[in-house]
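Participant: File follows, start-v2.cif with mmCIF, C-alpha atoms:
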```
data_final
loop_
_atom_site.label_atom_id
_atom_site.label_comp_id
_atom_site.auth_asym_id
_atom_site.auth_seq_id
_atom_site.Cartn_x
_atom_site.Cartn_y
_atom_site.Cartn_z
CA MET O 22 10.75 -33.73 18.41
CA SER O 23 8.00 -35.85 19.95
CA ASP O 24 4.31 -35.58 19.18
CA PRO O 25 3.05 -33.16 21.87
CA LEU O 26 0.18 -35.53 22.61
CA SER O 27 2.43 -38.56 23.14
CA LYS O 28 3.76 -39.86 26.42
CA GLN O 29 7.31 -39.07 25.29
CA ALA O 30 6.60 -35.34 24.92
CA THR O 31 8.62 -33.12 27.23
CA ALA O 32 7.25 -29.99 28.90
CA SER O 33 9.36 -27.82 26.58
CA GLU O 34 7.95 -29.55 23.49
CA ILE O 35 4.35 -29.27 24.71
CA ALA O 36 4.72 -25.58 25.63
CA GLY O 37 6.30 -24.85 22.25
CA ALA O 38 3.48 -26.61 20.40
CA VAL O 39 0.73 -24.89 22.44
CA MET O 40 2.28 -21.44 22.12
CA SER O 41 2.71 -21.76 18.38
CA GLY O 42 -0.88 -22.96 18.02
CA LYS O 43 0.10 -26.43 16.69
CA VAL O 44 -1.95 -28.11 19.39
CA LYS O 45 -4.68 -27.08 21.84
CA ALA O 46 -4.07 -27.22 25.58
CA ALA O 47 -7.41 -29.03 25.83
CA ALA O 48 -6.09 -31.86 23.64
CA VAL O 49 -2.89 -32.08 25.71
CA VAL O 50 -4.89 -32.34 28.94
CA GLU O 51 -7.25 -34.98 27.49
CA ALA O 52 -4.27 -37.03 26.35
CA ALA O 53 -2.74 -36.81 29.83
CA LEU O 54 -6.03 -37.77 31.55
CA THR O 55 -6.36 -40.77 29.21
CA ARG O 56 -2.81 -41.89 29.95
CA ILE O 57 -3.48 -41.57 33.68
CA GLU O 58 -6.60 -43.71 33.33
CA THR O 59 -4.77 -46.46 31.45
CA SER O 60 -1.50 -46.45 33.44
CA GLU O 61 -2.76 -46.21 37.01
CA ALA O 62 -3.49 -49.90 37.47
CA ARG O 63 0.18 -50.52 36.73
CA VAL O 64 2.02 -47.65 38.48
CA ASN O 65 -0.38 -46.31 41.18
CA ALA O 66 1.06 -42.80 40.99
CA PHE O 67 -2.06 -40.69 41.61
CA THR O 68 -4.18 -40.31 44.74
CA ASP O 69 -6.31 -37.45 43.36
CA VAL O 70 -7.10 -36.44 39.79
CA VAL O 71 -8.56 -32.94 39.30
CA ALA O 72 -9.92 -33.49 35.78
CA ASP O 73 -12.62 -30.79 35.80
CA ARG O 74 -10.25 -28.15 37.07
CA ALA O 75 -7.62 -29.14 34.48
CA ARG O 76 -10.14 -28.97 31.63
CA ARG O 77 -11.31 -25.49 32.75
CA ARG O 78 -7.73 -24.32 32.93
CA ALA O 79 -6.95 -25.69 29.47
CA ALA O 80 -9.97 -23.85 28.04
CA GLU O 81 -8.68 -20.60 29.54
CA ILE O 82 -5.29 -21.12 27.94
CA ASP O 83 -6.84 -21.95 24.58
CA ALA O 84 -8.87 -18.75 24.92
CA GLY O 85 -5.63 -16.85 25.05
CA LEU O 86 -5.36 -16.37 28.82
CA HIS O 87 -2.43 -17.53 30.96
CA ARG O 88 0.08 -17.70 28.10
CA GLY O 89 3.53 -18.40 29.50
CA PRO O 90 6.68 -20.48 29.09
CA LEU O 91 4.82 -23.57 30.36
CA ALA O 92 1.62 -23.03 28.37
CA GLY O 93 -0.52 -26.14 28.39
CA VAL O 94 1.97 -28.36 30.26
CA PRO O 95 0.13 -30.86 32.47
CA PHE O 96 1.79 -31.49 35.82
CA ALA O 97 1.04 -33.19 39.12
CA VAL O 98 2.27 -32.72 42.68
CA LYS O 99 3.23 -34.95 45.59
CA ASN O 100 0.19 -34.89 47.86
CA LEU O 101 1.91 -32.87 50.57
CA PHE O 102 1.29 -29.78 48.43
CA ASP O 103 -1.93 -27.93 49.19
CA ILE O 104 -4.46 -28.36 46.36
CA LYS O 105 -7.42 -26.01 46.74
CA GLY O 106 -10.50 -27.89 47.91
CA LEU O 107 -8.68 -31.09 48.94
CA PRO O 108 -7.29 -32.17 52.30
CA THR O 109 -3.48 -32.17 52.24
CA ARG O 110 -2.80 -35.87 52.74
CA ALA O 111 1.00 -35.86 53.07
CA GLY O 112 0.75 -39.60 52.47
CA SER O 113 -1.27 -40.16 55.63
CA LYS O 114 -4.71 -41.49 56.43
CA ILE O 115 -5.42 -39.22 59.38
CA ASN O 116 -4.91 -35.95 57.44
CA LEU O 117 -7.86 -36.90 55.22
CA ASP O 118 -10.17 -35.79 58.04
CA GLY O 119 -8.34 -32.47 58.22
CA PRO O 120 -9.33 -29.16 56.67
CA LYS O 121 -9.54 -28.74 52.90
CA ALA O 122 -6.89 -26.41 51.53
CA ALA O 123 -8.18 -22.87 50.99
CA ARG O 124 -5.71 -22.20 48.18
CA ASP O 125 -3.01 -23.98 46.17
CA GLY O 126 0.57 -24.21 47.40
CA ALA O 127 2.90 -21.43 46.25
CA LEU O 128 4.72 -23.51 43.60
CA ILE O 129 1.46 -24.71 42.04
CA ARG O 130 0.37 -21.07 41.74
CA LYS O 131 3.69 -20.13 40.15
CA LEU O 132 3.61 -22.98 37.62
CA GLU O 133 0.02 -22.19 36.69
CA ALA O 134 0.87 -18.51 36.34
CA ALA O 135 3.40 -19.68 33.76
CA GLY O 136 0.66 -21.56 31.90
CA ALA O 137 1.05 -25.09 33.32
CA ILE O 138 -2.04 -27.12 34.24
CA LEU O 139 -2.39 -29.11 37.46
CA VAL O 140 -3.97 -32.52 36.87
CA GLY O 141 -3.67 -34.12 40.30
CA GLY O 142 -2.02 -35.13 43.57
CA LEU O 143 0.53 -37.94 43.79
CA ASN O 144 1.15 -40.91 46.05
CA MET O 145 4.00 -40.65 48.55
CA GLY O 146 5.50 -42.34 51.60
CA GLU O 147 3.56 -41.47 54.76
CA TYR O 148 4.61 -38.03 56.03
CA ALA O 149 7.59 -38.32 53.63
CA TYR O 150 9.41 -40.59 56.10
CA ASP O 151 10.25 -43.13 53.42
CA PHE O 152 12.81 -44.17 50.81
CA THR O 153 10.79 -46.81 48.94
CA GLY O 154 7.58 -45.17 47.65
CA GLU O 155 5.46 -47.71 49.50
CA ASN O 156 2.36 -46.28 51.15
CA ALA O 157 0.48 -48.39 53.70
CA HIS O 158 -2.90 -46.80 52.91
CA CYS O 159 -2.83 -46.15 49.15
CA GLY O 160 -0.54 -48.99 48.13
CA PRO O 161 2.97 -48.70 46.67
CA SER O 162 3.79 -46.60 43.64
CA ARG O 163 5.45 -48.95 41.11
CA ASN O 164 8.44 -48.35 38.87
CA PRO O 165 7.21 -47.91 35.28
CA HIS O 166 10.39 -49.54 33.92
CA ASP O 167 9.50 -52.71 35.83
CA PRO O 168 6.33 -52.64 37.95
CA THR O 169 7.62 -55.45 40.15
CA ARG O 170 10.14 -52.94 41.53
CA MET O 171 9.87 -49.91 43.79
CA THR O 172 9.94 -46.33 42.56
CA GLY O 173 12.03 -45.20 45.50
CA GLY O 174 10.63 -42.52 47.75
CA SER O 175 9.30 -40.63 49.31
CA SER O 176 8.21 -38.78 46.12
CA GLY O 177 7.33 -42.18 44.64
CA GLY O 178 4.19 -41.09 42.80
CA SER O 179 6.13 -38.19 41.28
CA GLY O 180 8.72 -40.62 39.90
CA ALA O 181 6.06 -43.04 38.61
CA ALA O 182 3.88 -40.35 36.99
CA VAL O 183 6.76 -38.82 35.01
CA ALA O 184 8.58 -42.04 34.11
CA SER O 185 5.35 -43.68 32.89
CA GLY O 186 4.62 -40.66 30.69
CA GLU O 187 1.36 -39.77 32.46
CA VAL O 188 2.69 -36.21 32.84
CA PRO O 189 5.99 -34.63 31.71
CA LEU O 190 6.52 -32.76 34.98
CA ALA O 191 5.90 -33.40 38.67
CA LEU O 192 6.79 -31.69 41.91
CA GLY O 193 8.25 -33.54 44.85
CA SER O 194 9.93 -32.73 48.12
CA ASP O 195 13.36 -33.71 49.36
CA THR O 196 14.29 -33.82 53.05
CA ASN O 197 16.79 -36.68 53.09
CA GLY O 198 16.72 -37.75 49.43
CA SER O 199 13.04 -37.88 48.49
CA ILE O 200 13.46 -36.21 45.09
CA ARG O 201 16.89 -37.67 44.35
CA VAL O 202 16.04 -41.30 45.17
CA PRO O 203 12.94 -41.75 42.96
CA SER O 204 14.55 -39.69 40.18
CA SER O 205 17.47 -42.06 40.21
CA LEU O 206 15.44 -45.28 40.47
CA CYS O 207 12.95 -44.20 37.78
CA GLY O 208 15.61 -42.96 35.33
CA LEU O 209 14.59 -39.30 35.56
CA PHE O 210 16.18 -35.93 36.20
CA GLY O 211 15.32 -34.38 39.54
CA LEU O 212 16.32 -31.12 41.14
CA LYS O 213 16.80 -30.56 44.85
CA PRO O 214 17.47 -26.82 44.74
CA THR O 215 19.55 -24.82 47.18
CA TYR O 216 17.81 -24.54 50.55
CA GLY O 217 15.48 -21.53 50.53
CA ARG O 218 15.57 -21.05 46.75
CA LEU O 219 11.96 -22.18 46.19
CA SER O 220 9.05 -21.29 48.46
CA ARG O 221 7.59 -24.06 50.57
CA ALA O 222 4.46 -22.09 51.48
CA GLY O 223 1.33 -24.20 51.26
CA SER O 224 3.06 -27.56 51.70
CA PHE O 225 3.01 -29.98 54.64
CA PRO O 226 6.40 -29.71 56.36
CA PHE O 227 8.54 -32.65 57.43
CA VAL O 228 11.87 -31.47 58.89
CA ASP O 229 11.77 -27.73 58.26
CA ALA O 230 15.53 -27.24 58.36
CA PHE O 231 16.06 -29.87 55.62
CA ASP O 232 12.91 -29.51 53.52
CA HIS O 233 13.28 -28.62 49.84
CA LEU O 234 10.66 -28.64 47.09
CA GLY O 235 11.64 -29.28 43.49
CA PRO O 236 10.73 -30.71 40.07
CA LEU O 237 11.16 -34.15 38.48
CA ALA O 238 11.19 -34.40 34.67
CA ARG O 239 12.51 -36.40 31.73
CA SER O 240 14.85 -33.67 30.50
CA VAL O 241 17.22 -31.16 32.05
CA ALA O 242 15.63 -28.41 29.95
CA ASP O 243 12.29 -29.13 31.64
CA LEU O 244 13.87 -28.86 35.07
CA ALA O 245 15.35 -25.49 34.11
CA LEU O 246 12.09 -24.24 32.61
CA SER O 247 10.00 -25.15 35.64
CA PHE O 248 12.67 -24.03 38.14
CA ASP O 249 12.81 -20.59 36.55
CA ALA O 250 9.02 -20.31 36.71
CA MET O 251 9.07 -21.20 40.41
CA GLN O 252 11.92 -18.95 41.58
CA GLY O 253 11.34 -15.76 43.51
CA TRP O 254 10.99 -14.44 47.05
CA ASP O 255 7.88 -15.41 48.97
CA PRO O 256 7.10 -13.75 52.32
CA ASP O 257 4.96 -16.78 53.24
CA ASP O 258 8.07 -18.97 53.62
CA PRO O 259 10.37 -17.39 56.24
CA VAL O 260 13.51 -19.08 54.87
CA CYS O 261 12.82 -18.26 51.21
CA THR O 262 15.76 -16.28 49.85
CA ASP O 263 15.36 -12.63 48.89
CA ARG O 264 18.29 -12.83 46.47
CA PRO O 265 17.37 -12.06 42.86
CA SER O 266 16.21 -15.00 40.74
CA GLU O 267 18.98 -16.64 38.74
CA PRO O 268 17.45 -17.84 35.47
CA THR O 269 18.87 -21.21 34.47
CA VAL O 270 17.36 -21.68 31.00
CA PRO O 271 19.88 -19.30 29.32
CA GLU O 272 22.73 -21.16 31.08
CA LEU O 273 21.87 -24.47 29.40
CA ARG O 274 23.63 -23.43 26.21
CA GLU O 275 26.76 -22.24 28.05
CA GLY O 276 28.20 -25.71 28.57
CA ILE O 277 30.11 -26.66 31.70
CA GLY O 278 33.50 -25.25 30.73
CA ASN O 279 33.43 -22.46 33.28
CA LEU O 280 31.93 -24.40 36.16
CA ARG O 281 33.87 -25.49 39.20
CA ILE O 282 32.66 -28.94 40.17
CA ALA O 283 33.63 -30.64 43.39
CA VAL O 284 33.51 -34.42 43.32
CA ALA O 285 32.31 -35.78 46.64
CA GLY O 286 34.55 -38.66 47.56
CA ASP O 287 34.87 -40.95 50.58
CA TYR O 288 31.41 -41.96 51.82
CA PHE O 289 29.73 -40.75 48.60
CA ALA O 290 32.03 -42.79 46.37
CA GLN O 291 31.46 -46.04 48.24
CA GLY O 292 29.48 -48.54 46.19
CA ALA O 293 29.50 -46.28 43.13
CA GLU O 294 29.29 -48.07 39.80
CA PRO O 295 32.03 -47.42 37.21
CA GLU O 296 29.77 -45.46 34.89
CA ALA O 297 28.98 -43.04 37.72
CA LEU O 298 32.67 -42.39 38.31
CA ASP O 299 33.72 -42.35 34.65
CA LEU O 300 32.53 -38.94 33.52
CA PRO O 301 35.36 -37.61 31.37
CA ASP O 302 33.62 -34.33 30.43
CA THR O 303 32.80 -33.58 34.02
CA ARG O 304 36.34 -34.45 35.10
CA ARG O 305 37.88 -32.09 32.59
CA ALA O 306 35.67 -29.26 33.78
CA SER O 307 36.11 -29.98 37.45
CA ALA O 308 39.88 -29.47 37.06
CA GLU O 309 40.83 -27.46 40.11
CA PRO O 310 42.33 -30.19 42.25
CA ALA O 311 42.30 -27.92 45.29
CA VAL O 312 38.51 -27.84 45.26
CA ALA O 313 38.18 -31.57 44.95
CA ALA O 314 40.84 -32.20 47.56
CA GLU O 315 39.15 -29.88 50.00
CA ALA O 316 35.84 -31.61 49.48
CA ARG O 317 37.40 -35.00 50.15
CA ALA O 318 39.01 -33.77 53.34
CA ILE O 319 35.70 -32.47 54.64
CA ASP O 320 33.90 -35.67 53.73
CA ALA O 321 36.33 -37.89 55.53
CA ALA O 322 36.02 -36.01 58.80
CA LEU O 323 32.38 -35.16 59.05
CA THR O 324 30.12 -36.68 56.42
CA ARG O 325 29.16 -39.68 58.43
CA ARG O 326 28.47 -37.70 61.58
CA LEU O 327 26.46 -35.13 59.65
CA ARG O 328 24.35 -37.89 58.25
CA ASP O 329 23.81 -39.24 61.76
CA ALA O 330 22.68 -35.82 62.98
CA GLU O 331 20.31 -35.45 60.05
CA LEU O 332 18.75 -38.86 60.65
CA LEU O 333 18.22 -38.17 64.33
CA ARG O 334 16.56 -34.83 63.70
CA THR O 335 14.34 -36.55 61.16
CA VAL O 336 13.33 -39.28 63.60
CA ALA O 337 12.60 -36.67 66.29
CA ARG O 338 10.49 -34.67 63.89
CA ILE O 339 8.39 -37.58 62.61
CA GLU O 340 7.70 -38.68 66.16
CA ARG O 341 6.49 -35.18 66.96
CA VAL O 342 4.22 -35.07 63.91
CA VAL O 343 2.66 -38.43 64.63
CA ALA O 344 2.31 -37.79 68.37
CA LYS O 345 0.55 -34.51 67.72
CA ARG O 346 -1.86 -36.01 65.19
CA GLU O 347 -2.58 -39.20 67.10
CA ALA O 348 -3.27 -37.18 70.24
CA VAL O 349 -5.94 -35.10 68.50
CA MET Z 9 32.40 -45.81 84.89
CA ALA Z 10 30.98 -48.97 83.46
CA GLU Z 11 28.26 -48.35 80.92
CA GLU Z 12 24.93 -49.62 82.15
CA LYS Z 13 22.63 -50.82 79.39
CA PRO Z 14 19.61 -48.50 79.26
CA ASP Z 15 16.14 -50.02 79.53
CA ILE Z 16 14.71 -48.76 76.23
CA ALA Z 17 11.42 -50.63 76.64
CA ARG Z 18 10.80 -48.81 79.90
CA LEU Z 19 11.80 -45.47 78.33
CA VAL Z 20 9.24 -46.04 75.56
CA ASP Z 21 6.48 -47.05 77.98
CA GLU Z 22 7.11 -44.12 80.31
CA ALA Z 23 7.40 -41.60 77.46
CA ALA Z 24 4.10 -42.88 76.05
CA LYS Z 25 2.50 -42.29 79.46
CA ALA Z 26 4.03 -38.80 79.78
CA LEU Z 27 2.72 -37.82 76.33
CA GLY Z 28 -0.67 -39.43 76.86
CA LEU Z 29 -0.06 -41.38 73.66
CA PRO Z 30 -0.88 -45.07 74.09
CA ILE Z 31 1.09 -47.40 71.81
CA ALA Z 32 -0.94 -50.26 70.34
CA PRO Z 33 0.52 -53.63 71.41
CA GLU Z 34 1.27 -54.64 67.81
CA TYR Z 35 3.44 -51.52 67.33
CA ARG Z 36 5.31 -51.54 70.65
CA ALA Z 37 8.16 -53.87 69.62
CA ASN Z 38 8.97 -51.80 66.53
CA VAL Z 39 8.84 -48.53 68.47
CA ILE Z 40 11.43 -49.98 70.83
CA VAL Z 41 13.61 -51.14 67.92
CA ASN Z 42 13.39 -47.64 66.44
CA TYR Z 43 14.59 -46.11 69.72
CA GLU Z 44 17.44 -48.61 69.96
CA ARG Z 45 18.57 -47.77 66.43
CA SER Z 46 18.38 -44.05 67.13
CA LEU Z 47 20.52 -44.55 70.21
CA ALA Z 48 23.10 -46.48 68.19
CA ILE Z 49 23.23 -43.62 65.67
CA ALA Z 50 23.48 -40.98 68.40
CA ARG Z 51 26.41 -42.53 70.30
CA PRO Z 52 29.23 -41.71 67.83
CA LEU Z 53 27.63 -38.34 67.11
CA LEU Z 54 27.79 -37.37 70.77
CA GLU Z 55 31.53 -38.03 70.68
CA VAL Z 56 32.13 -35.24 68.14
CA GLU Z 57 33.68 -32.27 69.95
CA LEU Z 58 31.94 -28.97 69.27
CA ASP Z 59 33.16 -25.58 70.55
CA ASP Z 60 30.74 -23.78 72.83
CA GLU Z 61 31.11 -20.68 70.66
CA LEU Z 62 29.77 -22.37 67.51
CA THR Z 63 26.54 -20.85 66.24
CA PRO Z 64 24.14 -22.26 63.66
CA ALA Z 65 24.36 -20.82 60.14
CA PRO Z 66 21.07 -21.74 58.46
CA VAL Z 67 21.68 -19.40 55.55
CA PHE Z 68 24.77 -19.87 53.37
CA ARG Z 69 26.27 -16.63 52.11
CA PRO Z 70 29.26 -17.16 49.83
#
```
Would you mind writing the file's structure down as structure tokens?

Facilitator:
Amino acid sequence: MSDPLSKQATASEIAGAVMSGKVKAAAVVEAALTRIETSEARVNAFTDVVADRARRRAAEIDAGLHRGPLAGVPFAVKNLFDIKGLPTRAGSKINLDGPKAARDGALIRKLEAAGAILVGGLNMGEYAYDFTGENAHCGPSRNPHDPTRMTGGSSGGSGAAVASGEVPLALGSDTNGSIRVPSSLCGLFGLKPTYGRLSRAGSFPFVDAFDHLGPLARSVADLALSFDAMQGWDPDDPVCTDRPSEPTVPELREGIGNLRIAVAGDYFAQGAEPEALDLPDTRRASAEPAVAAEARAIDAALTRRLRDAELLRTVARIERVVAKREAV
Amino acid sequence: MAEEKPDIARLVDEAAKALGLPIAPEYRANVIVNYERSLAIARPLLEVELDDELTPAPVFRP
């Protein structure tokens, strides 16, 4: 169990400490703001810090309002999420002249309803068309494990903020890998949920048909905790599923014995390091050879072409976004 | 039919005119490279046979 005021503290540990009265949300927020101040020169994760708002929110929680499973957990969001009162940058320079958001994005509202506290907006590749976390206007986000290296992108600031310990939880978006890449490069856990599972209302879209929003954290339990808080139908996102929420926190204790796991082979196995392929527990659970075999057959025929189609739709979309904005 | 190499630079210049979106001289070369790469990606994709009856399924229902 980490000290809830330390940079190692997970969201679950902080929420537990705040709910049981061991620590004040105000102290947690101050500790996070101090870490942001001292780490930024090294990792360049934040583009906006909303300190006043975060302090107000913490005071409300300490006054007994907004208690929830994420009570007092500081978090930050990739700057393509709407933050009330700020222009939604989406990593660009030209959006800064755009309108200020009238309200927070849907997932920020859901996390705050569960007691979490927004502390700021995070650096990202311009319009999310990026795998490196390097932003031409705000500078690159740097990998906290070695600041001479990239965070990966496009949710680069999300990776840097969580891996450096500035915050235990960040939101990112994933169109072609933008949660998965920085999670991997920064040594974090990231979740790209099923398409339509989490509302994208109040976020700047990239390629609508591929856009997913999701959390990055330092523990799987934190992913589950935040994911559960964010689930639920939202009429403001037309593709958001109306299926009932499927809470994941209770599943964490179930183990993987009853799961069917397909191992993607072919293209996905190329260049894999031995430790990625040597997962004995996973192998035992994946068992059903028919599933794995089927997956391999599909990969061999279509994976590469599907990737091509995805890339082309992405290129077409980014050209449309930039053309529209430049023409204004 | 022998494949004639398309003039990507001209495509870019004409598209920029059609859109009313001037491309700064320092960006033009990279825009052309981007189009050339997209074309290289598209070629094998266009060779994949798809039935006319196929319809998109944006929502997966198990």

Participant: Once the PyMOL selection byres ((chain Z) within 7 of (chain O)) has been applied to the shown file, what residues remain in the selection, as a ChimeraX atom specification?

Facilitator: /Z:29,46,49-50,53

Participant: Using atom CA of O:Gly141 and atom CA of O:Ser41 as the two end points, give the distance in Å to one decimal.

Facilitator: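 Rounded to one decimal, the two atoms are 26.0 Å apart.
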
Participant: Just the number, please: distance in Å from atom CA of O:Glu147 to atom CA of O:Arg63, one decimal.

Facilitator: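 Taking atom CA of O:Glu147 and atom CA of O:Arg63, their separation equals 20.5 Å.
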
Participant: Measure the distance from atom CA of O:Phe289 to atom CA of O:Arg218 in Å and round it to one decimal.

Facilitator: 24.3 Å

Participant: What do you get, as number ranges by chain, if you spell out every residue that the PyMOL selection byres ((chain O and resi 214) around 12) selects here?

Facilitator: O: 193-196, 198, 200-201, 211-213, 215-221, 231-237, 244-245, 247-249, 251-252, 261-262, 267, 269

Participant: Residues of the last selection are to be written out with C-alpha atoms, as a CSV table (one decimal), in the frame of the given file.

Facilitator:
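Dumped to part_12.csv:
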```csv
chain,number,residue,atom,x,y,z
O,193,GLY,CA,8.2,-33.5,44.8
O,194,SER,CA,9.9,-32.7,48.1
O,195,ASP,CA,13.4,-33.7,49.4
O,196,THR,CA,14.3,-33.8,53.0
O,198,GLY,CA,16.7,-37.8,49.4
O,200,ILE,CA,13.5,-36.2,45.1
O,201,ARG,CA,16.9,-37.7,44.4
O,211,GLY,CA,15.3,-34.4,39.5
O,212,LEU,CA,16.3,-31.1,41.1
O,213,LYS,CA,16.8,-30.6,44.8
O,215,THR,CA,19.6,-24.8,47.2
O,216,TYR,CA,17.8,-24.5,50.6
O,217,GLY,CA,15.5,-21.5,50.5
O,218,ARG,CA,15.6,-21.0,46.8
O,219,LEU,CA,12.0,-22.2,46.2
O,220,SER,CA,9.0,-21.3,48.5
O,221,ARG,CA,7.6,-24.1,50.6
O,231,PHE,CA,16.1,-29.9,55.6
O,232,ASP,CA,12.9,-29.5,53.5
O,233,HIS,CA,13.3,-28.6,49.8
O,234,LEU,CA,10.7,-28.6,47.1
O,235,GLY,CA,11.6,-29.3,43.5
O,236,PRO,CA,10.7,-30.7,40.1
O,237,LEU,CA,11.2,-34.2,38.5
O,244,LEU,CA,13.9,-28.9,35.1
O,245,ALA,CA,15.4,-25.5,34.1
O,247,SER,CA,10.0,-25.2,35.6
O,248,PHE,CA,12.7,-24.0,38.1
O,249,ASP,CA,12.8,-20.6,36.6
O,251,MET,CA,9.1,-21.2,40.4
O,252,GLN,CA,11.9,-19.0,41.6
O,261,CYS,CA,12.8,-18.3,51.2
O,262,THR,CA,15.8,-16.3,49.8
O,267,GLU,CA,19.0,-16.6,38.7
O,269,THR,CA,18.9,-21.2,34.5
```

Participant: Would you mind listing what lies within 10 Å of Z:Glu44 as a PDB file with C-alpha atoms, in the frame of the given file, with all atoms listed in the file counted and same-chain residues fewer than 6 positions away left out?

Facilitator:
```pdb
ATOM      1  CA  PRO Z  14      19.610 -48.500  79.260  1.00  0.00           C
ATOM      2  CA  ASP Z  15      16.140 -50.020  79.530  1.00  0.00           C
ATOM      3  CA  ILE Z  16      14.710 -48.760  76.230  1.00  0.00           C
ATOM      4  CA  ALA Z  17      11.420 -50.630  76.640  1.00  0.00           C
ATOM      5  CA  ASN Z  38       8.970 -51.800  66.530  1.00  0.00           C
ATOM      6  CA  ALA Z  50      23.480 -40.980  68.400  1.00  0.00           C
TER       7      ALA Z  50
END
```

Participant: For the PyMOL selection byres ((chain O and resi 78-80) around 8), applied here, can you spell out every residue it catches as a PyMOL selection string?

Facilitator: chain O and resi 46-47+50+74-77+81-84+93+138

Participant: Enumerate, as a list in words, the protein, DNA and RNA residues whose atoms approach (15.8, -47.0, 30.3) to within 10 Å, taking into account only C-alpha atoms and the coordinate frame of the file.

Facilitator: Pro165, His166, Ala184, Cys207, Gly208 and Leu209 of chain O

Participant: Model the absent atoms of stretch 25-41 of chain Z so that N, CA and C atoms are present, and write the result as a compact mmCIF listing (two decimals), in the frame of the given file.

Facilitator:
```txt
# COMPACT_ATOMS: atom_id res chain seq x y z
N LYS Z 25 3.37 -42.75 78.36
CA LYS Z 25 2.50 -42.29 79.46
C LYS Z 25 2.58 -40.77 79.59
N ALA Z 26 3.83 -40.24 79.58
CA ALA Z 26 4.03 -38.80 79.78
C ALA Z 26 3.33 -38.00 78.68
N LEU Z 27 3.33 -38.54 77.46
CA LEU Z 27 2.72 -37.82 76.33
C LEU Z 27 1.22 -38.07 76.22
N GLY Z 28 0.73 -39.06 76.99
CA GLY Z 28 -0.67 -39.43 76.86
C GLY Z 28 -0.94 -40.04 75.49
N LEU Z 29 0.03 -40.82 75.01
CA LEU Z 29 -0.06 -41.38 73.66
C LEU Z 29 0.10 -42.90 73.74
N PRO Z 30 -1.01 -43.61 73.96
CA PRO Z 30 -0.88 -45.07 74.09
C PRO Z 30 -0.36 -45.71 72.81
N ILE Z 31 0.53 -46.70 72.97
CA ILE Z 31 1.09 -47.40 71.81
C ILE Z 31 0.39 -48.75 71.69
N ALA Z 32 -0.23 -48.99 70.54
CA ALA Z 32 -0.94 -50.26 70.34
C ALA Z 32 0.05 -51.42 70.49
N PRO Z 33 -0.40 -52.51 71.12
CA PRO Z 33 0.52 -53.63 71.41
C PRO Z 33 1.27 -54.12 70.17
N GLU Z 34 0.60 -54.10 69.00
CA GLU Z 34 1.27 -54.64 67.81
C GLU Z 34 2.39 -53.71 67.31
N TYR Z 35 2.40 -52.45 67.76
CA TYR Z 35 3.44 -51.52 67.33
C TYR Z 35 4.60 -51.40 68.33
N ARG Z 36 4.37 -51.83 69.57
CA ARG Z 36 5.31 -51.54 70.65
C ARG Z 36 6.73 -52.05 70.35
N ALA Z 37 6.83 -53.29 69.86
CA ALA Z 37 8.16 -53.87 69.62
C ALA Z 37 8.94 -53.04 68.61
N ASN Z 38 8.27 -52.59 67.56
CA ASN Z 38 8.97 -51.80 66.53
C ASN Z 38 9.33 -50.41 67.03
N VAL Z 39 8.50 -49.84 67.90
CA VAL Z 39 8.84 -48.53 68.47
C VAL Z 39 10.14 -48.67 69.28
N ILE Z 40 10.23 -49.75 70.02
CA ILE Z 40 11.43 -49.98 70.83
C ILE Z 40 12.66 -50.16 69.94
N VAL Z 41 12.50 -50.95 68.86
CA VAL Z 41 13.61 -51.14 67.92
C VAL Z 41 14.05 -49.80 67.34
```
